[in-house]
Structure formats: structure tokens, C-alpha cells
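Structure first, commentary second.
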Amino acid sequence: KNEVEQSPQNLTAQEGEFITINCSYSVGISALHWLQQHPGGGIVSLFMLSSGKKKHGRLIATINIQEKHSSLHITASHPRDSAVYICAVRYAGSQGNLIFGKGTKLSVKP
Amino acid sequence: NAGVTQTPKFRVLKTGQSMTLLCAQDMNHEYMYWYRQDPGMGLRLIHYSVGEGTTAKGEVPDGYNVSRLKKQNFLLGLESAAPSQTSVYFCASSYAGLQGPVTTPLHFGNGTRLTVT
């Protein structure tokens with residue numbers, strides 16, 4: 001079964017720290033999404049990527065197709081970054097439905 | 001611009017009762033999706049629609065029905081609720097589908113927390 005594994009499951013950081021969240025998948029993909037779920041429950045799309053690297057503000061997403069691995073980095077973390085970060089992939093040749101990871105719960109302390 | 005709006009936000013049902021969850025989007029998106037989120041699991045696709053008048057089954061469709069009579073609305077129905085359907089339900093929409101060569105962002109509603117006792 002094609003799965004998406006995220007690590008760590010939980011992460012606590014001090015304000016200002018550099019954060020890395022990892023996502024691994026099992027077979028070739030056509031696209032990978034990073035999502036943010038706020039403590040109130042709402043979900044926001046952060047990035048979509050199929051190769052290389054994307055940056056938006058303090059957030060950076062990278063993907064290594066050969067290693068089947070993606071990372072989400074947060075620079076100069078802030079308490080407002082506290083959320084659950086979710087990785088989702090679209091496997092190549094699939095019907096196109098996204099397979100979601102279980103999420104990484106990030107808590108940034110002031 | 002409201003984006004994706006789900007109603008209701010919370011609901012408690014007794015086993016065997018029925019209900020309909022409404023999802024409305026004002027972005028003129030063709031594609032709409034219903035997901036459920038359960039503790040310790042990733043989001044799972046229940047049903048989706050690639051346009052007005054069309055629906056298709058996702059990963060976990062049993063016990064649910066959907067309708068897309070208008071482009072902006074996607075309804076999720078539970079005909080006879082069961083405790084296993086206790087979950088948080090998310091509606092999402094996208095400009096382009098997940099099956100095509102171009103993937104566009106998903107826009108999510110704020111979720112509906114459903115408890116079936």
C-alpha cells in the first residue's frame with residue numbers, strides 16, 4: 001500500500017529556532033503538497049511541488065525525487081507557527097487522489 | 001471572498017438518524033471533495049466531483065452519498081448514521097483536478113465535527 005510517512009510526529013521548539021519537518025513516500029509521485037492545519041481546525045495549502053525547492057516568507061519546501069523525500073523548513077520560528085503540518089502526495093499513475101500523512105504537530109514556545 | 005464554507009460546524013446525531021452537510025464555494029472551482037479526518041490517521045477521501053452533475057467514489061465512500069446539482073455546492077449525506085462515522089469532515093475545492101497534468105492548490109472549509117452516539 002502506498003503510504004506517506006511524516007517525522008517527527010510531535011515537535012516542540014523555542015521561538016527563533018530553525019524547524020525541519022520530514023515527509024517520505026514509497027513510490028514515484030507526480031506532486032507533493034504541504035498543508036497547515038491551524039489549532040482551530042482550518043486547513044491551508046502552503047506549497048505544491050514536484051521538484052526542487054519553493055520558498056514563501058519564512059517557509060521553505062524541498063523535494064528530492066530520487067530519495068522520495070521532502071522537507072518543510074521554518075526559519076526564525078514564531079509561536080504563531082504552532083500548527084499541524086500535513087504532507088500529501090499524488091502518486092504517479094494513480095487516479096489522482098491525494099494520500100495524506102498523519103501530520104506533524106508543531107508547538108513553538110515564546 | 002468567503003472561499004469554502006461548510007455548514008454546520010458541529011452536529012450530534014443518534015445512530016440511525018440522517019443528515020446533510022453542505023459545502024459551498026465561491027471561487028468557480030470545477031473540482032470539489034469531501035474528506036474525513038480521524039485521530040491518528042491522515043485525511044481520507046470520501047467522494048469527489050469533477051464538475052456540476054458529476055460525482056465519484058473516493059477511498060472510503062460506504063455509508064455516504066453526495067450530490068452536485070450546482071457548481072458551487074457539494075452536499076454530503078448520511079442516510080443512517082453510525083458511530084463509526086464520528087469524525088471531522090472537510091470539504092475542499094480546486095481549480096484543476098488532481099488527475100490532470102497540472103495540480104492546483106486545494107482550498108479547504110473549516111470542517112464539521114460530527115458525533116454519532
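Residue names in the C-alpha cells use chain letters A, B, ... in the order shown, residue numbers from 1 in each chain, and ligand numbers from 1 in the order shown.
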Please identify all residues of chain A having at least one atom at most 6 Å from any atom of chain B, considering only C-alpha atoms, and return them as a compact mmCIF listing (two decimals) with all heavy atoms, in the first residue's frame.
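iface_37.txt, written as the output of this step:
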# COMPACT_ATOMS: atom_id res chain seq x y z
N GLY A 42 -8.90 24.77 10.79
CA GLY A 42 -8.85 25.10 9.38
C GLY A 42 -7.57 24.63 8.71
O GLY A 42 -6.51 24.57 9.34
N ILE A 43 -7.66 24.27 7.44
CA ILE A 43 -6.51 23.74 6.69
C ILE A 43 -6.19 24.69 5.55
O ILE A 43 -7.08 25.10 4.79
CB ILE A 43 -6.80 22.34 6.14
CG1 ILE A 43 -7.12 21.38 7.28
CG2 ILE A 43 -5.62 21.82 5.32
CD1 ILE A 43 -7.56 20.00 6.82
N GLY A 96 -5.24 9.85 -9.06
CA GLY A 96 -5.03 11.28 -8.81
C GLY A 96 -5.36 11.69 -7.41
O GLY A 96 -5.05 12.80 -7.00
N PHE A 100 -2.60 11.30 2.23
CA PHE A 100 -2.16 12.24 3.27
C PHE A 100 -1.35 11.55 4.35
O PHE A 100 -1.66 10.41 4.75
CB PHE A 100 -3.38 12.89 3.93
CG PHE A 100 -4.13 13.84 3.05
CD1 PHE A 100 -5.04 13.37 2.11
CD2 PHE A 100 -3.95 15.21 3.16
CE1 PHE A 100 -5.74 14.24 1.28
CE2 PHE A 100 -4.64 16.09 2.35
CZ PHE A 100 -5.53 15.60 1.40
N GLY A 101 -0.32 12.24 4.84
CA GLY A 101 0.36 11.80 6.03
C GLY A 101 -0.48 12.12 7.26
O GLY A 101 -1.50 12.80 7.18
N LYS A 102 -0.02 11.62 8.41
CA LYS A 102 -0.79 11.81 9.64
C LYS A 102 -0.55 13.18 10.27
O LYS A 102 -1.24 13.56 11.20
CB LYS A 102 -0.44 10.71 10.65
CG LYS A 102 -0.85 9.32 10.17
CD LYS A 102 -0.42 8.25 11.15
CE LYS A 102 -0.80 6.87 10.61
NZ LYS A 102 -0.37 5.79 11.52
Skipping near chain neighbours, those fewer than 2 positions away, what residues fall within 12 Å of B:Thr15 using only C-alpha atoms, listed as a VMD selection string? chain B and resid 12 to 13 17 to 19 78 to 86 114 to 117
What separates atom CA of A:Pro79 and atom CA of A:Glu17 is a distance of 10.7 Å
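Of the residues listed (B:Pro61, B:Gly51, B:Gly77, B:Gly16), B:Gly51 shows the shortest atom-to-atom separation from B:Ser94; distances use only C-alpha atoms.
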Nearby residues (only C-alpha atoms) at most 7 Å from stretch 71-75 of chain B, same-chain spacing under 6 positions excluded, as a VMD selection string: chain B and resid 20 to 26 28 30 32 51 to 52
Just all heavy atoms for this one: save the residues we selected as a PDB file, in the first residue's frame.
ATOM      1  N   THR B  20     -27.464  16.037   6.292  1.00  0.00           N
ATOM      2  CA  THR B  20     -26.744  16.502   5.114  1.00  0.00           C
ATOM      3  C   THR B  20     -25.787  17.608   5.503  1.00  0.00           C
ATOM      4  O   THR B  20     -26.171  18.544   6.209  1.00  0.00           O
ATOM      5  CB  THR B  20     -27.714  17.031   4.041  1.00  0.00           C
ATOM      6  OG1 THR B  20     -28.607  15.986   3.654  1.00  0.00           O
ATOM      7  CG2 THR B  20     -26.945  17.512   2.810  1.00  0.00           C
ATOM      8  N   LEU B  21     -24.538  17.472   5.061  1.00  0.00           N
ATOM      9  CA  LEU B  21     -23.543  18.518   5.230  1.00  0.00           C
ATOM     10  C   LEU B  21     -23.450  19.305   3.923  1.00  0.00           C
ATOM     11  O   LEU B  21     -23.386  18.715   2.840  1.00  0.00           O
ATOM     12  CB  LEU B  21     -22.170  17.932   5.554  1.00  0.00           C
ATOM     13  CG  LEU B  21     -21.900  17.461   6.976  1.00  0.00           C
ATOM     14  CD1 LEU B  21     -22.749  16.243   7.323  1.00  0.00           C
ATOM     15  CD2 LEU B  21     -20.423  17.137   7.158  1.00  0.00           C
ATOM     16  N   LEU B  22     -23.434  20.617   4.063  1.00  0.00           N
ATOM     17  CA  LEU B  22     -23.395  21.467   2.884  1.00  0.00           C
ATOM     18  C   LEU B  22     -22.026  22.114   2.738  1.00  0.00           C
ATOM     19  O   LEU B  22     -21.445  22.599   3.706  1.00  0.00           O
ATOM     20  CB  LEU B  22     -24.451  22.565   2.987  1.00  0.00           C
ATOM     21  CG  LEU B  22     -24.395  23.665   1.910  1.00  0.00           C
ATOM     22  CD1 LEU B  22     -24.645  23.081   0.524  1.00  0.00           C
ATOM     23  CD2 LEU B  22     -25.381  24.775   2.229  1.00  0.00           C
ATOM     24  N   CYS B  23     -21.517  22.097   1.534  1.00  0.00           N
ATOM     25  CA  CYS B  23     -20.281  22.792   1.201  1.00  0.00           C
ATOM     26  C   CYS B  23     -20.559  23.751   0.057  1.00  0.00           C
ATOM     27  O   CYS B  23     -21.144  23.350  -0.956  1.00  0.00           O
ATOM     28  CB  CYS B  23     -19.210  21.788   0.786  1.00  0.00           C
ATOM     29  SG  CYS B  23     -17.657  22.547   0.267  1.00  0.00           S
ATOM     30  N   ALA B  24     -20.149  24.990   0.231  1.00  0.00           N
ATOM     31  CA  ALA B  24     -20.348  25.999  -0.808  1.00  0.00           C
ATOM     32  C   ALA B  24     -19.032  26.707  -1.072  1.00  0.00           C
ATOM     33  O   ALA B  24     -18.324  27.073  -0.139  1.00  0.00           O
ATOM     34  CB  ALA B  24     -21.408  27.001  -0.372  1.00  0.00           C
ATOM     35  N   GLN B  25     -18.721  26.894  -2.373  1.00  0.00           N
ATOM     36  CA  GLN B  25     -17.501  27.629  -2.731  1.00  0.00           C
ATOM     37  C   GLN B  25     -17.864  28.718  -3.741  1.00  0.00           C
ATOM     38  O   GLN B  25     -18.725  28.522  -4.606  1.00  0.00           O
ATOM     39  CB  GLN B  25     -16.415  26.687  -3.276  1.00  0.00           C
ATOM     40  CG  GLN B  25     -16.835  25.766  -4.408  1.00  0.00           C
ATOM     41  CD  GLN B  25     -16.576  26.314  -5.789  1.00  0.00           C
ATOM     42  OE1 GLN B  25     -15.962  27.374  -5.974  1.00  0.00           O
ATOM     43  NE2 GLN B  25     -17.028  25.580  -6.808  1.00  0.00           N
ATOM     44  N   ASP B  26     -17.175  29.847  -3.598  1.00  0.00           N
ATOM     45  CA  ASP B  26     -17.471  30.994  -4.451  1.00  0.00           C
ATOM     46  C   ASP B  26     -16.304  31.335  -5.376  1.00  0.00           C
ATOM     47  O   ASP B  26     -16.164  32.472  -5.816  1.00  0.00           O
ATOM     48  CB  ASP B  26     -17.864  32.202  -3.603  1.00  0.00           C
ATOM     49  CG  ASP B  26     -16.759  32.654  -2.663  1.00  0.00           C
ATOM     50  OD1 ASP B  26     -15.652  32.066  -2.693  1.00  0.00           O
ATOM     51  OD2 ASP B  26     -16.995  33.588  -1.875  1.00  0.00           O
ATOM     52  N   ASN B  28     -15.624  29.550  -8.230  1.00  0.00           N
ATOM     53  CA  ASN B  28     -15.903  28.983  -9.545  1.00  0.00           C
ATOM     54  C   ASN B  28     -15.029  27.750  -9.836  1.00  0.00           C
ATOM     55  O   ASN B  28     -14.656  27.498 -10.990  1.00  0.00           O
ATOM     56  CB  ASN B  28     -15.717  30.030 -10.652  1.00  0.00           C
ATOM     57  CG  ASN B  28     -16.473  29.668 -11.910  1.00  0.00           C
ATOM     58  OD1 ASN B  28     -17.561  29.100 -11.860  1.00  0.00           O
ATOM     59  ND2 ASN B  28     -15.900  29.994 -13.066  1.00  0.00           N
ATOM     60  N   GLU B  30     -14.112  23.911 -10.439  1.00  0.00           N
ATOM     61  CA  GLU B  30     -14.787  22.736 -11.001  1.00  0.00           C
ATOM     62  C   GLU B  30     -14.781  21.556 -10.037  1.00  0.00           C
ATOM     63  O   GLU B  30     -15.710  20.784  -9.984  1.00  0.00           O
ATOM     64  CB  GLU B  30     -14.103  22.317 -12.301  1.00  0.00           C
ATOM     65  CG  GLU B  30     -14.326  23.254 -13.480  1.00  0.00           C
ATOM     66  CD  GLU B  30     -15.746  23.233 -13.997  1.00  0.00           C
ATOM     67  OE1 GLU B  30     -16.495  22.270 -13.707  1.00  0.00           O
ATOM     68  OE2 GLU B  30     -16.153  24.201 -14.667  1.00  0.00           O
ATOM     69  N   MET B  32     -14.522  19.474  -6.507  1.00  0.00           N
ATOM     70  CA  MET B  32     -14.843  19.545  -5.081  1.00  0.00           C
ATOM     71  C   MET B  32     -14.698  18.168  -4.463  1.00  0.00           C
ATOM     72  O   MET B  32     -14.878  17.143  -5.134  1.00  0.00           O
ATOM     73  CB  MET B  32     -16.254  20.105  -4.871  1.00  0.00           C
ATOM     74  CG  MET B  32     -16.418  21.535  -5.381  1.00  0.00           C
ATOM     75  SD  MET B  32     -18.004  22.281  -4.988  1.00  0.00           S
ATOM     76  CE  MET B  32     -17.803  22.648  -3.239  1.00  0.00           C
ATOM     77  N   GLY B  51     -17.182  18.175 -11.627  1.00  0.00           N
ATOM     78  CA  GLY B  51     -17.976  19.219 -12.250  1.00  0.00           C
ATOM     79  C   GLY B  51     -19.437  19.067 -11.884  1.00  0.00           C
ATOM     80  O   GLY B  51     -19.862  18.036 -11.334  1.00  0.00           O
ATOM     81  N   GLU B  52     -20.206  20.097 -12.202  1.00  0.00           N
ATOM     82  CA  GLU B  52     -21.643  20.077 -11.905  1.00  0.00           C
ATOM     83  C   GLU B  52     -22.292  18.823 -12.485  1.00  0.00           C
ATOM     84  O   GLU B  52     -22.050  18.471 -13.639  1.00  0.00           O
ATOM     85  CB  GLU B  52     -22.287  21.334 -12.506  1.00  0.00           C
ATOM     86  CG  GLU B  52     -23.758  21.457 -12.270  1.00  0.00           C
ATOM     87  CD  GLU B  52     -24.310  22.753 -12.865  1.00  0.00           C
ATOM     88  OE1 GLU B  52     -23.682  23.813 -12.694  1.00  0.00           O
ATOM     89  OE2 GLU B  52     -25.372  22.686 -13.512  1.00  0.00           O
TER      90      GLU B  52
END
Just asking: which residues within chain B are strand (DSSP E) according to DSSP, as a VMD selection string? chain B and resid 4 to 7 10 to 13 19 to 25 31 to 37 44 to 49 56 to 57 65 to 67 73 to 78 87 to 94 107 to 108 112 to 116
Atom CA of A:Ser51 to atom CA of A:Val89: how many Å, to one decimal?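 Answer for the atom CA of A:Ser51 to atom CA of A:Val89 separation: 12.6 Å.
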Using only C-alpha atoms, which protein or nucleic acid residues come within 8 Å of A:Ala88? Drop anything in the same chain fewer than 3 positions from it, and give the result as JSON, numbers by chain. {"A": [4, 32, 33, 34, 35, 98, 99, 100, 101]}
Give me the residues within 7 Å of A:Gln6 as a list of chain:residue names, counting only C-alpha atoms and dropping any in the same chain fewer than 3 places off. A:Gln9, A:Asn22, A:Cys23, A:Ser24, A:Gly101, A:Lys102, A:Gly103, A:Thr104
For the residues in the current selection, export C-alpha atoms as an mmCIF file, in the first residue's frame.
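Final output, saved to selection36.cif:
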data_model
loop_
_atom_site.group_PDB
_atom_site.id
_atom_site.type_symbol
_atom_site.label_atom_id
_atom_site.label_comp_id
_atom_site.auth_asym_id
_atom_site.auth_seq_id
_atom_site.Cartn_x
_atom_site.Cartn_y
_atom_site.Cartn_z
ATOM 1 C CA GLN A 9 5.078 13.161 14.966
ATOM 2 C CA ASN A 22 10.181 15.469 7.038
ATOM 3 C CA CYS A 23 7.968 13.532 4.642
ATOM 4 C CA SER A 24 8.834 10.240 2.971
ATOM 5 C CA GLY A 101 0.362 11.797 6.033
ATOM 6 C CA LYS A 102 -0.788 11.812 9.643
ATOM 7 C CA GLY A 103 0.695 15.218 10.283
ATOM 8 C CA THR A 104 3.391 16.731 12.477
#
Tell me which protein, DNA and RNA residues are within 9 Å of A:Ser71, counting only C-alpha atoms, leaving out same-chain ones fewer than 6 positions away, and put them as number ranges by chain. A: 20-24, 60-64
